[in-house]
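K.L.:
Below is the file work_34.txt, which contains compact mmCIF, C-alpha atoms.
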# COMPACT_ATOMS: atom_id res chain seq x y z
CA MET A 263 33.78 100.84 -33.74
CA LEU A 264 36.64 100.25 -31.32
CA GLN A 265 34.92 97.14 -30.03
CA MET A 266 34.67 95.91 -33.60
CA LEU A 267 38.40 96.39 -34.30
CA VAL A 268 39.35 94.67 -31.05
CA LEU A 269 37.03 91.76 -31.83
CA ILE A 270 38.43 91.37 -35.33
CA ALA A 271 42.03 91.49 -34.09
CA PHE A 272 41.21 88.97 -31.34
CA GLN A 273 39.60 86.61 -33.85
CA VAL A 274 42.22 86.94 -36.60
CA LEU A 275 45.41 86.98 -34.57
CA MET A 276 44.51 84.47 -31.86
CA LEU A 277 41.36 82.46 -32.30
CA ASN A 278 41.86 81.57 -35.99
CA HIS A 279 44.95 79.64 -34.90
CA ILE A 280 43.10 77.57 -32.31
CA HIS A 281 42.13 74.14 -33.53
CA PHE A 282 41.25 72.49 -30.26
CA LEU A 283 41.87 68.73 -30.68
CA GLY A 284 41.96 69.40 -34.40
CA TYR A 285 38.30 70.39 -34.58
CA ALA A 286 37.04 73.35 -32.59
CA THR A 287 37.75 76.92 -33.66
CA PRO A 288 35.86 79.56 -31.67
CA LEU A 289 34.00 82.11 -33.83
CA VAL A 290 33.82 84.92 -31.32
CA TYR A 291 33.11 87.76 -33.77
CA VAL A 292 29.41 86.93 -33.44
CA ALA A 293 29.57 88.87 -30.14
CA PHE A 294 29.57 92.00 -32.29
CA LEU A 295 25.84 91.51 -32.90
CA LEU A 296 25.16 91.54 -29.18
CA TYR A 297 26.07 95.23 -28.93
CA PHE A 298 23.11 96.47 -30.99
CA PRO A 299 20.40 98.19 -28.92
CA LEU A 300 16.73 97.29 -29.10
CA ASN A 301 15.81 100.13 -31.44
CA ALA A 302 18.80 99.83 -33.80
CA ASN A 303 18.23 100.52 -37.49
CA ARG A 304 17.68 97.17 -39.19
CA ILE A 305 19.46 98.14 -42.38
CA GLY A 306 22.39 99.49 -40.35
CA THR A 307 22.66 96.18 -38.51
CA LEU A 308 22.71 94.29 -41.80
CA LEU A 309 25.39 96.52 -43.34
CA TRP A 310 27.61 96.30 -40.26
CA SER A 311 27.27 92.51 -40.23
CA PHE A 312 28.30 92.42 -43.87
CA VAL A 313 31.33 94.66 -43.29
CA ILE A 314 32.68 92.67 -40.35
CA GLY A 315 32.05 89.43 -42.24
CA ILE A 316 33.95 90.58 -45.33
CA ILE A 317 36.91 91.79 -43.25
CA LEU A 318 37.14 88.44 -41.46
CA ASP A 319 36.78 86.57 -44.75
CA ALA A 320 39.74 88.47 -46.17
CA PHE A 321 41.91 87.13 -43.36
CA SER A 322 40.82 83.51 -43.65
CA ASN A 323 40.59 83.17 -47.47
CA THR A 324 36.89 82.37 -47.44
CA PRO A 325 35.31 85.24 -49.42
CA GLY A 326 31.59 85.48 -48.68
CA LEU A 327 31.39 82.66 -46.15
CA THR A 328 31.55 84.55 -42.86
CA ALA A 329 29.76 87.50 -44.43
CA ALA A 330 26.81 85.36 -45.54
CA SER A 331 26.36 83.81 -42.10
CA MET A 332 26.74 87.18 -40.35
CA VAL A 333 24.22 88.91 -42.63
CA PHE A 334 21.66 86.20 -41.96
CA THR A 335 22.25 86.41 -38.22
CA GLY A 336 22.04 90.21 -38.41
CA PHE A 337 18.73 89.80 -40.19
CA VAL A 338 17.05 87.68 -37.48
CA GLN A 339 18.78 89.39 -34.53
CA PRO A 340 16.25 92.29 -34.12
CA ASN A 341 13.25 89.90 -34.15
CA LEU A 342 14.97 87.69 -31.61
CA LEU A 343 15.83 90.60 -29.34
CA HIS A 344 12.27 91.97 -29.51
CA ALA A 345 10.90 88.59 -28.56
CA MET A 346 13.28 88.06 -25.66
CA ALA A 347 13.59 91.55 -24.17
CA PRO A 348 11.65 92.09 -20.94
CA LYS A 349 8.19 93.70 -21.32
CA ASP A 350 9.20 96.85 -19.43
CA ALA A 351 12.47 97.40 -21.32
CA VAL A 352 13.35 100.95 -22.36
CA GLU A 353 13.26 101.68 -26.05
CA ASP A 354 17.03 101.91 -26.56
CA MET A 355 17.94 99.07 -24.22
CA VAL A 356 21.38 97.59 -24.89
CA PRO A 357 21.24 93.86 -24.14
CA THR A 358 23.49 93.01 -21.17
CA TYR A 359 22.87 90.56 -18.39
CA ARG A 360 21.72 93.44 -16.17
CA SER A 361 19.17 94.81 -18.58
CA MET A 362 17.80 91.47 -19.80
CA GLY A 363 18.08 89.25 -16.77
CA LYS A 364 20.85 86.74 -16.43
CA TRP A 365 19.32 83.59 -17.92
CA ASN A 366 17.43 85.42 -20.57
CA HIS A 367 20.68 87.00 -21.71
CA VAL A 368 22.56 83.70 -21.77
CA ARG A 369 19.75 82.19 -23.81
CA TYR A 370 19.89 85.14 -26.21
CA ILE A 371 23.65 84.71 -26.70
CA MET A 372 23.33 80.97 -27.24
CA LEU A 373 20.61 81.43 -29.86
CA ILE A 374 22.51 84.11 -31.80
CA ALA A 375 25.71 82.04 -31.80
CA LEU A 376 23.77 78.91 -32.77
CA ILE A 377 22.17 80.59 -35.80
CA GLN A 378 25.50 82.03 -36.95
CA GLU A 379 27.44 78.79 -36.61
CA VAL A 380 24.78 76.62 -38.22
CA CYS A 381 24.83 78.95 -41.25
CA TYR A 382 28.61 79.06 -41.29
CA PHE A 383 29.23 75.33 -41.17
CA LEU A 384 26.38 74.44 -43.53
CA LEU A 385 27.81 76.84 -46.12
CA GLU A 386 31.36 75.69 -45.53
CA CYS A 387 30.64 72.00 -46.12
CA PHE A 388 28.00 72.57 -48.73
CA SER A 389 27.79 68.93 -49.69
CA PHE A 390 27.89 67.46 -46.17
CA TYR A 391 31.28 66.28 -47.21
CA ASN A 392 31.98 64.45 -43.98
CA TYR A 393 29.10 64.08 -41.51
CA ARG A 394 31.10 63.08 -38.47
CA ASP A 395 33.78 65.73 -38.86
CA LEU A 396 31.21 68.40 -39.58
CA LEU A 397 29.24 67.57 -36.45
CA LEU A 398 32.33 67.39 -34.23
CA THR A 399 33.66 70.68 -35.58
CA PHE A 400 30.30 72.33 -35.11
CA VAL A 401 29.71 71.13 -31.54
CA GLY A 402 33.28 71.87 -30.48
CA SER A 403 33.36 75.33 -32.03
CA TYR A 404 29.94 76.18 -30.62
CA ALA A 405 30.91 75.21 -27.08
CA LEU A 406 34.18 77.18 -27.23
CA THR A 407 32.47 80.21 -28.73
CA ILE A 408 29.82 80.26 -26.00
CA VAL A 409 32.41 80.01 -23.24
CA ILE A 410 34.51 82.88 -24.63
CA VAL A 411 31.54 85.13 -25.48
CA LEU A 412 30.01 84.65 -22.03
CA THR A 413 33.33 85.58 -20.44
CA LEU A 414 33.58 88.73 -22.56
CA GLU A 415 29.95 89.63 -21.82
CA SER A 416 30.36 89.28 -18.08
CA PHE A 417 33.08 91.96 -18.23
CA ARG A 418 30.91 94.24 -20.31
CA GLY A 419 27.95 94.01 -17.95
CA ARG A 420 30.14 94.93 -14.99
CA LYS A 421 31.53 98.09 -16.54
CA THR A 422 28.24 99.78 -17.40
CA MET B 226 0.33 104.76 -54.11
CA ARG B 227 1.38 106.26 -50.76
CA ASP B 228 0.40 103.02 -49.16
CA PHE B 229 2.60 101.14 -51.57
CA PHE B 230 5.65 103.28 -50.77
CA ASP B 231 4.99 103.03 -47.03
CA ARG B 232 4.95 99.31 -47.26
CA LEU B 233 8.08 99.37 -49.40
CA SER B 234 10.07 101.43 -46.89
CA ALA B 235 8.81 99.35 -43.96
CA ASN B 236 10.22 96.27 -45.63
CA ALA B 237 13.39 97.84 -47.01
CA HIS B 238 15.52 95.64 -44.77
CA TRP B 239 14.32 92.61 -46.73
CA PHE B 240 15.79 94.02 -49.91
CA VAL B 241 19.07 94.94 -48.24
CA PHE B 242 19.22 91.45 -46.75
CA LEU B 243 18.67 89.78 -50.11
CA VAL B 244 21.19 91.99 -51.93
CA LEU B 245 23.88 91.34 -49.31
CA GLU B 246 23.28 87.58 -49.27
CA ILE B 247 23.42 87.42 -53.07
CA THR B 248 26.71 89.35 -52.98
CA CYS B 249 28.09 86.88 -50.44
CA GLY B 250 26.93 83.92 -52.47
CA TYR B 251 28.53 85.37 -55.57
CA LEU B 252 31.86 85.81 -53.77
CA LEU B 253 31.64 82.35 -52.25
CA PHE B 254 31.08 80.50 -55.51
CA GLN B 255 33.25 82.62 -57.77
CA PHE B 256 36.37 82.60 -55.62
CA ASN B 257 38.04 79.55 -57.07
CA ARG B 258 37.43 80.51 -60.66
CA TYR B 259 37.74 84.27 -60.61
CA GLN B 260 41.38 85.23 -60.35
CA GLY B 261 40.62 88.91 -59.72
CA SER B 262 39.10 88.17 -56.33
CA VAL B 263 42.56 88.40 -54.82
CA TRP B 264 41.37 91.67 -53.27
CA PHE B 265 39.23 89.77 -50.79
CA THR B 266 41.95 87.38 -49.67
CA GLN B 267 45.08 87.39 -47.58
CA ALA B 268 47.08 88.65 -50.53
CA ASN B 269 45.70 92.18 -50.39
CA ALA B 270 47.93 94.86 -48.98
CA LEU B 271 46.15 95.56 -45.66
CA THR B 272 45.68 91.97 -44.53
CA GLY B 273 49.15 91.21 -45.85
CA THR B 274 50.68 93.92 -43.70
CA VAL B 275 48.89 92.78 -40.55
CA LEU B 276 49.85 89.16 -41.11
CA ASN B 277 53.42 90.23 -41.82
CA TRP B 278 53.68 91.85 -38.36
CA GLU B 279 52.31 88.72 -36.81
CA ALA B 280 54.78 86.56 -38.70
CA LYS B 281 57.66 88.74 -37.50
CA VAL B 282 56.64 88.32 -33.87
CA MET B 283 56.19 84.58 -34.28
CA GLU B 284 59.56 84.34 -36.02
CA TYR B 285 61.19 85.78 -32.92
CA VAL B 286 59.34 83.38 -30.66
CA HIS B 287 60.44 80.38 -32.72
CA LEU B 288 64.06 81.52 -33.04
CA ALA B 289 65.54 78.93 -30.71
CA ASP B 290 63.65 76.09 -32.31
CA ASN B 291 64.65 77.19 -35.79
CA ASN B 292 68.29 77.49 -34.78
CA LYS B 293 68.25 73.91 -33.63
CA LYS B 294 66.69 72.82 -36.90
CA LEU B 295 69.24 74.80 -38.93
CA THR B 296 72.14 73.25 -37.07
CA HIS B 297 70.72 69.83 -37.71
CA GLU B 298 70.22 70.64 -41.38
CA ASN B 299 73.80 71.90 -41.58
CA LEU B 300 75.07 68.63 -40.21
CA VAL B 301 73.07 66.63 -42.70
CA LEU B 302 74.23 68.84 -45.56
CA GLN B 303 77.85 68.61 -44.53
CA TYR B 304 77.58 64.85 -44.37
CA ASN B 305 75.95 64.78 -47.80
CA MET B 306 78.69 67.01 -49.16
CA ASN B 307 81.35 64.63 -47.92
CA VAL B 308 79.58 61.70 -49.48
CA MET B 309 79.25 63.58 -52.75
CA ARG B 310 82.89 64.70 -52.74
CA ASP B 311 83.95 61.09 -52.38
CA GLU B 312 81.62 60.09 -55.14
CA LEU B 313 82.96 62.84 -57.35
CA THR B 314 86.59 61.85 -56.90
CA ARG B 315 85.56 58.29 -57.69
CA LEU B 316 83.93 59.42 -60.89
CA LYS B 317 86.76 61.81 -61.72
CA LYS B 318 87.03 60.85 -65.32
CA ASP B 319 83.33 61.54 -65.79
CA SER B 320 83.35 64.76 -63.78
CA SER B 321 83.01 67.07 -66.74
CA TYR B 322 79.88 65.17 -67.70
CA THR B 323 78.27 65.41 -64.20
CA GLU B 324 78.87 69.14 -64.07
CA LYS B 325 77.33 69.59 -67.43
CA VAL B 326 74.17 67.72 -66.38
CA LEU B 327 73.78 69.79 -63.21
CA ALA B 328 74.39 73.04 -65.02
CA ASP B 329 71.86 72.03 -67.66
CA LEU B 330 69.27 71.24 -64.98
CA LEU B 331 69.55 74.65 -63.34
CA LYS B 332 70.42 76.72 -66.39
CA ASP B 333 67.01 78.24 -66.92
CA VAL B 334 66.00 78.38 -63.28
CA HIS B 335 66.43 81.03 -60.65
CA LEU B 336 64.99 81.19 -57.16
CA ILE B 337 63.22 83.99 -55.29
CA PRO B 338 63.57 83.55 -51.51
CA ALA B 339 60.37 84.27 -49.55
CA GLN B 340 58.88 83.85 -46.10
CA ILE B 341 55.55 82.31 -45.23
CA ILE B 342 53.49 84.82 -43.26
CA ASN B 343 50.33 82.80 -42.90
CA ASN B 344 49.65 79.12 -43.17
CA SER B 345 46.92 76.59 -42.55
CA ILE B 346 46.99 72.80 -42.63
CA ARG B 347 43.72 71.87 -40.95
CA ASP B 348 41.20 72.66 -43.66
CA LYS B 349 40.12 70.71 -46.68
CA ASP B 350 41.54 73.46 -48.91
CA ASN B 351 44.59 75.02 -47.30
CA TYR B 352 46.35 78.16 -48.45
CA MET B 353 49.62 79.89 -47.54
CA THR B 354 50.60 83.51 -47.92
CA ILE B 355 54.18 84.55 -48.69
CA ASN B 356 55.72 88.02 -48.53
CA ARG B 357 56.80 88.24 -52.18
CA GLY B 358 54.55 89.39 -55.01
CA GLU B 359 54.42 90.56 -58.59
CA LEU B 360 56.95 93.35 -58.03
CA ASP B 361 59.45 90.69 -56.91
CA GLY B 362 58.80 88.70 -60.07
CA VAL B 363 56.33 86.15 -58.70
CA LYS B 364 53.57 85.13 -61.09
CA PRO B 365 50.68 82.64 -60.79
CA GLU B 366 51.53 79.03 -61.71
CA MET B 367 55.12 79.26 -60.48
CA GLY B 368 56.40 76.48 -58.25
CA VAL B 369 57.31 76.93 -54.58
CA VAL B 370 59.97 74.76 -52.93
CA SER B 371 61.72 74.60 -49.57
CA GLY B 372 65.01 73.08 -48.50
CA THR B 373 63.28 69.75 -47.92
CA GLY B 374 61.26 69.54 -51.12
CA VAL B 375 58.17 70.66 -52.98
CA VAL B 376 55.72 72.99 -51.20
CA GLY B 377 53.10 74.05 -53.74
CA ILE B 378 52.16 76.34 -56.61
CA VAL B 379 51.53 80.11 -56.66
CA PHE B 380 47.77 80.65 -56.97
CA GLN B 381 47.21 84.41 -56.92
CA THR B 382 49.54 87.38 -56.61
CA SER B 383 49.29 91.02 -55.58
CA ASN B 384 52.08 93.60 -55.64
CA HIS B 385 53.84 92.44 -52.49
CA TYR B 386 52.18 89.19 -51.44
CA SER B 387 51.18 85.92 -53.04
CA LEU B 388 48.74 83.19 -52.17
CA ILE B 389 50.13 79.66 -52.48
CA MET B 390 48.12 76.52 -53.14
CA PRO B 391 50.21 73.96 -51.24
CA ILE B 392 50.21 70.21 -51.76
CA LEU B 393 47.62 70.14 -48.97
CA HIS B 394 44.74 71.39 -51.13
CA SER B 395 42.00 69.27 -52.66
CA LYS B 396 42.69 70.75 -56.12
CA SER B 397 46.47 70.51 -55.96
CA SER B 398 47.93 68.09 -58.47
CA ILE B 399 51.68 67.89 -59.09
CA SER B 400 53.27 65.74 -61.74
CA CYS B 401 55.71 63.30 -60.06
CA ARG B 402 57.82 60.32 -61.05
CA LEU B 403 59.74 57.59 -59.29
CA ARG B 404 63.44 58.35 -59.27
CA ASN B 405 65.46 56.32 -61.78
CA THR B 406 62.33 55.09 -63.56
CA ASP B 407 60.20 57.12 -65.88
CA PHE B 408 56.87 56.07 -64.42
CA PHE B 409 54.91 59.15 -63.48
CA GLY B 410 51.59 60.15 -61.95
CA TYR B 411 49.86 63.04 -60.25
CA LEU B 412 50.31 63.70 -56.54
CA LYS B 413 46.99 64.31 -54.77
CA TRP B 414 46.11 65.02 -51.16
CA ARG B 415 42.92 63.69 -49.57
CA GLY B 416 42.69 65.67 -46.35
CA GLY B 417 43.69 64.47 -42.89
CA ASN B 418 47.35 63.71 -42.31
CA PRO B 419 49.46 66.61 -43.65
CA LEU B 420 52.42 64.30 -44.31
CA GLN B 421 50.61 61.82 -46.51
CA ALA B 422 49.54 62.07 -50.16
CA TYR B 423 48.75 59.66 -52.98
CA ILE B 424 49.83 58.99 -56.57
CA ASP B 425 47.36 57.15 -58.81
CA ASP B 426 47.79 55.32 -62.09
CA ILE B 427 51.23 53.79 -61.75
CA PRO B 428 51.07 50.90 -64.25
CA ARG B 429 51.15 47.23 -63.15
CA HIS B 430 54.42 46.46 -64.91
CA ALA B 431 56.34 49.19 -63.09
CA LYS B 432 59.05 47.83 -60.77
CA PHE B 433 59.60 49.70 -57.52
CA HIS B 434 59.79 49.22 -53.76
CA VAL B 435 58.56 50.78 -50.56
CA GLY B 436 61.09 53.50 -49.71
CA ASP B 437 61.76 54.53 -53.31
CA ILE B 438 62.16 58.24 -53.84
CA VAL B 439 59.41 60.30 -55.47
CA GLU B 440 60.52 63.46 -57.31
CA THR B 441 59.01 66.02 -59.68
CA SER B 442 58.82 64.88 -63.27
CA GLY B 443 59.34 68.26 -64.94
CA TYR B 444 56.46 67.55 -67.33
CA SER B 445 54.27 70.35 -66.00
CA ASN B 446 57.04 72.98 -66.47
CA VAL B 447 56.13 74.41 -63.07
CA PHE B 448 58.97 72.58 -61.34
CA PRO B 449 62.24 71.50 -62.92
CA ALA B 450 62.63 67.73 -62.96
CA GLY B 451 64.21 65.98 -60.00
CA ILE B 452 63.02 68.00 -56.98
CA PHE B 453 62.41 65.84 -53.94
CA VAL B 454 58.77 65.18 -53.00
CA GLY B 455 58.86 62.25 -50.60
CA LYS B 456 59.18 58.50 -50.31
CA VAL B 457 56.85 55.64 -51.17
CA ALA B 458 55.31 54.57 -47.85
CA GLN B 459 52.85 51.91 -48.99
CA ILE B 460 51.70 50.33 -52.22
CA HIS B 461 47.96 49.79 -52.73
CA ASN B 462 45.88 48.56 -55.62
CA SER B 463 43.83 51.22 -57.35
CA ASP B 464 40.04 51.06 -57.03
CA ASP B 465 39.58 49.35 -60.39
CA GLY B 466 42.54 47.02 -59.78
CA LEU B 467 44.21 47.95 -63.06
CA SER B 468 47.08 49.97 -61.64
CA TYR B 469 48.96 50.73 -58.44
CA GLN B 470 48.19 53.53 -56.06
CA LEU B 471 51.15 54.78 -54.04
CA GLU B 472 50.92 56.25 -50.59
CA VAL B 473 53.67 58.88 -50.36
CA GLN B 474 55.28 60.08 -47.14
CA LEU B 475 55.91 63.77 -47.91
CA SER B 476 59.38 65.06 -47.08
CA THR B 477 58.24 68.59 -46.22
CA ASP B 478 56.37 69.24 -43.00
CA LEU B 479 54.21 72.17 -44.10
CA SER B 480 53.05 72.86 -40.55
CA ARG B 481 56.48 74.09 -39.47
CA LEU B 482 57.77 75.79 -42.56
CA ARG B 483 58.94 79.41 -42.68
CA ASP B 484 61.48 79.96 -45.47
CA VAL B 485 60.67 78.93 -49.02
CA CYS B 486 61.80 79.76 -52.57
CA VAL B 487 59.71 80.54 -55.64
CA VAL B 488 61.04 78.79 -58.74
CA VAL B 489 61.27 80.97 -61.83
CA GLN B 490 61.89 79.12 -65.07
CA GLU B 491 63.11 81.52 -67.70
CA ASN B 492 61.38 79.80 -70.56
CA GLN B 493 58.13 78.94 -68.78
CA MET B 494 56.21 81.61 -70.68
CA GLU B 495 57.56 80.37 -73.97
CA LEU B 496 56.61 76.78 -73.16
CA ASP B 497 53.13 77.76 -72.00
CA SER B 498 52.37 79.75 -75.12
CA LEU B 499 53.71 76.94 -77.28
CA GLU B 500 51.43 74.45 -75.56
CA MET B 501 48.45 76.78 -75.87
CA GLN B 502 48.98 76.92 -79.63
CA SER B 503 48.80 73.16 -79.90
CA TYR B 504 45.28 72.98 -78.44
Could I get this file's structure written as structure tokens?

P.N.:
Amino acid sequence: MLQMLVLIAFQVLMLNHIHFLGYATPLVYVAFLLYFPLNANRIGTLLWSFVIGIILDAFSNTPGLTAASMVFTGFVQPNLLHAMAPKDAVEDMVPTYRSMGKWNHVRYIMLIALIQEVCYFLLECFSFYNYRDLLLTFVGSYALTIVIVLTLESFRGRKT
Amino acid sequence: MRDFFDRLSANAHWFVFLVLEITCGYLLFQFNRYQGSVWFTQANALTGTVLNWEAKVMEYVHLADNNKKLTHENLVLQYNMNVMRDELTRLKKDSSYTEKVLADLLKDVHLIPAQIINNSIRDKDNYMTINRGELDGVKPEMGVVSGTGVVGIVFQTSNHYSLIMPILHSKSSISCRLRNTDFFGYLKWRGGNPLQAYIDDIPRHAKFHVGDIVETSGYSNVFPAGIFVGKVAQIHNSDDGLSYQLEVQLSTDLSRLRDVCVVVQENQMELDSLEMQSY
């Protein structure tokens, strides 16, 4: 819960104002989905994704946009985690780079962020309104998001 | 039957997923039409309060910069005042007439000062939030101006905050004319440069030059006539070649704006209802 509030504040007060070179805005709130353990309730995951999405939408005047992409990501996240968790993982494993193995964890983060941002930008520019801009925005935002999320995650792994 | 219910509960997350996505889709596509959705935007009380704090902090940070700008503006205004005083003494015998025109122009207008607490200029559809709402007398469709010219139109309001659709929005369309002529058109923005907008459909026989002043026409009864919008930067032919298309250099830099005023026209309601009757 606290993590969620901090993430939302971080995204709304700082990151929403970043438009690196006019294109890239990091969408770091996706990190929220990385905190769900292996045996988390699927419906709970979906509802939490929806809630955080709606709150963020309220701050950026895009009702439904973030929420839709987060709900979809929250829907595939458990399958992804089951597929990528190590065979001998405990039932309530929380994915960190310790518990999953370094590269496996990085790959997991990159996939989750990729799914979320593809959904987000496809919905935002529903008509492929400007191919080049869309692609640049997507690639830039994705790269920035990954860098920031990995930094945050490295702190989290150290603490526990 | 048991089997059926087992299967149903095992797949319950599918139903939750679909319901949530449909809700999102509904919000996404209804937003621009459904005025009541203000609850989900920056104009609701909670987000408004948070953004207000942020704006206060940023205001402090930008204090020095703003001071410099104010001083500069003061200088320009003082200069303008001198020019106008000279002009007025020159036109002394007509002075009663000039005063009457000015008083007429602003007779039915009063201004509500407000501060921008959130602003975007990078998107295709930008919005601004100001810290005045219905309780302060702001209503949708009112005009918003700053010291340097037109800013936009109030889109949605809550009790204490309002959402503004600035010129920099794909659906924004403000009725403008060229000063000293009566040729008018609608000001549209096409994304990209936040200081550049276009006016279509200026007829071929209109006479004007690059550098002419563009002002509000007063036809839309959102803005009174004669508020500064910008200057003609370039003259193009329209796509069908039948009229001119003007590229306008906007006078207001929306990316560094903080203080604005909402324009209240006393008889706007009356005019609106009159026009509704005629349809």

K.L.:
Write out as CSV a residue-level contact list of chain A versus chain B with cut-off 9 Å: for each qualifying residue the closest pair of atoms and the distance in Å to one decimal, counting all atoms listed in the file, rows sorted by chain and residue number upward.

P.N.:
residue,atom,partner,partner_atom,distance
A:Leu275,CA,B:Glu279,CA,7.5
A:His279,CA,B:Ser345,CA,8.5
A:His281,CA,B:Arg347,CA,7.9
A:Gly284,CA,B:Arg347,CA,7.2
A:Tyr285,CA,B:Arg347,CA,8.5
A:Arg304,CA,B:His238,CA,6.2
A:Ile305,CA,B:His238,CA,5.2
A:Leu308,CA,B:Phe242,CA,6.7
A:Leu309,CA,B:Leu245,CA,8.0
A:Phe312,CA,B:Leu245,CA,7.1
A:Ile316,CA,B:Phe265,CA,7.6
A:Ile317,CA,B:Phe265,CA,8.1
A:Asp319,CA,B:Thr266,CA,7.2
A:Ala320,CA,B:Thr266,CA,4.3
A:Phe321,CA,B:Gln267,CA,5.3
A:Ser322,CA,B:Gln267,CA,7.0
A:Asn323,CA,B:Thr266,CA,4.9
A:Thr324,CA,B:Leu253,CA,7.1
A:Pro325,CA,B:Leu253,CA,5.5
A:Gly326,CA,B:Cys249,CA,4.2
A:Leu327,CA,B:Leu253,CA,6.1
A:Thr328,CA,B:Cys249,CA,8.7
A:Ala329,CA,B:Cys249,CA,6.3
A:Ala330,CA,B:Cys249,CA,5.3
A:Ser331,CA,B:Glu246,CA,8.7
A:Val333,CA,B:Glu246,CA,6.8
A:Phe334,CA,B:Phe242,CA,7.5
A:Gly336,CA,B:Phe242,CA,8.9
A:Phe337,CA,B:Phe242,CA,6.8

K.L.:
So the first atom is CA of Asp478 in chain B and the second is CA of Arg404 in chain B; what is the distance between them in Å, to one decimal place?

P.N.:
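So the answer is 20.8 Å.
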
K.L.:
Using all atoms listed in the file, which protein or nucleic acid residues come within 8 Å of Ser445 in chain B? Drop anything in the same chain fewer than 3 positions from it, and give the result as JSON, numbers by chain.

P.N.:
{"B": [399, 400, 442, 448]}

K.L.:
Give me a file of those residues, with C-alpha atoms, as a PDB file, keeping the file's coordinate frame.

P.N.:
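Below you can see part-v4.pdb, which holds the result:
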ATOM      1  CA  ILE B 399      51.680  67.890 -59.090  1.00  0.00           C
ATOM      2  CA  SER B 400      53.270  65.740 -61.740  1.00  0.00           C
ATOM      3  CA  SER B 442      58.820  64.880 -63.270  1.00  0.00           C
ATOM      4  CA  PHE B 448      58.970  72.580 -61.340  1.00  0.00           C
TER       5      PHE B 448
END

K.L.:
Which of these, A:Asn303, A:Asn278, A:Thr335, A:Ser311, has the shortest distance to Ile371 in chain A once you count only C-alpha atoms?

P.N.:
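Smallest distance to Ile371 in chain A is found for A:Thr335.
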
K.L.:
Have a look at B:Leu412, B:Val334, B:Ala422, B:Ile389 and name the one nearest to Gly358 in chain B; count only C-alpha atoms.

P.N.:
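The answer is B:Ile389, which sits nearest to Gly358 in chain B.
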
K.L.:
Excluding range 408-420 of chain A and its own-chain neighbours fewer than 2 positions away, which residues fall within 8 Å of it when counting only C-alpha atoms? Please give them as a list in words.

P.N.:
Pro288, Val290, Ala293, Thr358, Tyr359, Arg360, Val368, Ile371, Met372, Ala375, Tyr404, Ala405, Leu406 and Thr422 of chain A

K.L.:
How many Å separate CA of Pro340 in chain A from CA of Pro357 in chain A?

P.N.:
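One can read the CA of Pro340 in chain A to CA of Pro357 in chain A distance as 11.3 Å.
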
K.L.:
Measure the distance from CA of Ala302 in chain A to CA of Asp354 in chain A in Å and round it to one decimal.

P.N.:
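These two atoms are separated by 7.7 Å.
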
K.L.:
So which residues fall inside 12 Å of (66.2, 80.4, -34.9) if we count all atoms listed in the file? Mind giving them as a list in words?

P.N.:
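Protein and nucleic acid residues near the point are Met283, Glu284, Tyr285, Val286, His287, Leu288, Ala289, Asp290, Asn291, Asn292, Lys293, Lys294, Leu295, Thr296, His297, Arg483 and Asp484 of chain B.
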
K.L.:
Residues proximal to (56.5, 76.3, -53.5) were defined as those with any atom within 8 Å of that point in the file's coordinates, counting only C-alpha atoms. Which are they, as a list of chain:residue names?

P.N.:
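Nearby residues: B:Met367, B:Gly368, B:Val369, B:Val370, B:Ser371, B:Val375, B:Val376, B:Gly377, B:Ile378, B:Val379, B:Ile389, B:Pro391, B:Val485, B:Cys486, B:Val487, B:Val488.
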
K.L.:
Given the choices B:Gln459, B:Ile438, B:Lys432, B:Thr314, which gets closest to Ser476 in chain B if the distance is worked out from only C-alpha atoms?

P.N.:
B:Ile438

K.L.:
Can you pull out the residues contacting Glu440 in chain B? Cut-off 8 Å, using all atoms listed in the file, and skip same-chain residues under 2 positions away; I want them as a list in words.

P.N.:
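So the residues in contact are Cys401, Arg402, Leu403, Arg404, Ile438, Ser442, Ala450, Gly451, Ile452, Phe453, Val454 and Gly455 of chain B.
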
K.L.:
Which of these residues is nearest to Trp365 in chain A, using only C-alpha atoms: A:Cys381, A:Met346, A:Ala271, A:Leu295?

P.N.:
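Checking each candidate against Trp365 in chain A, we get A:Met346 as the closest.
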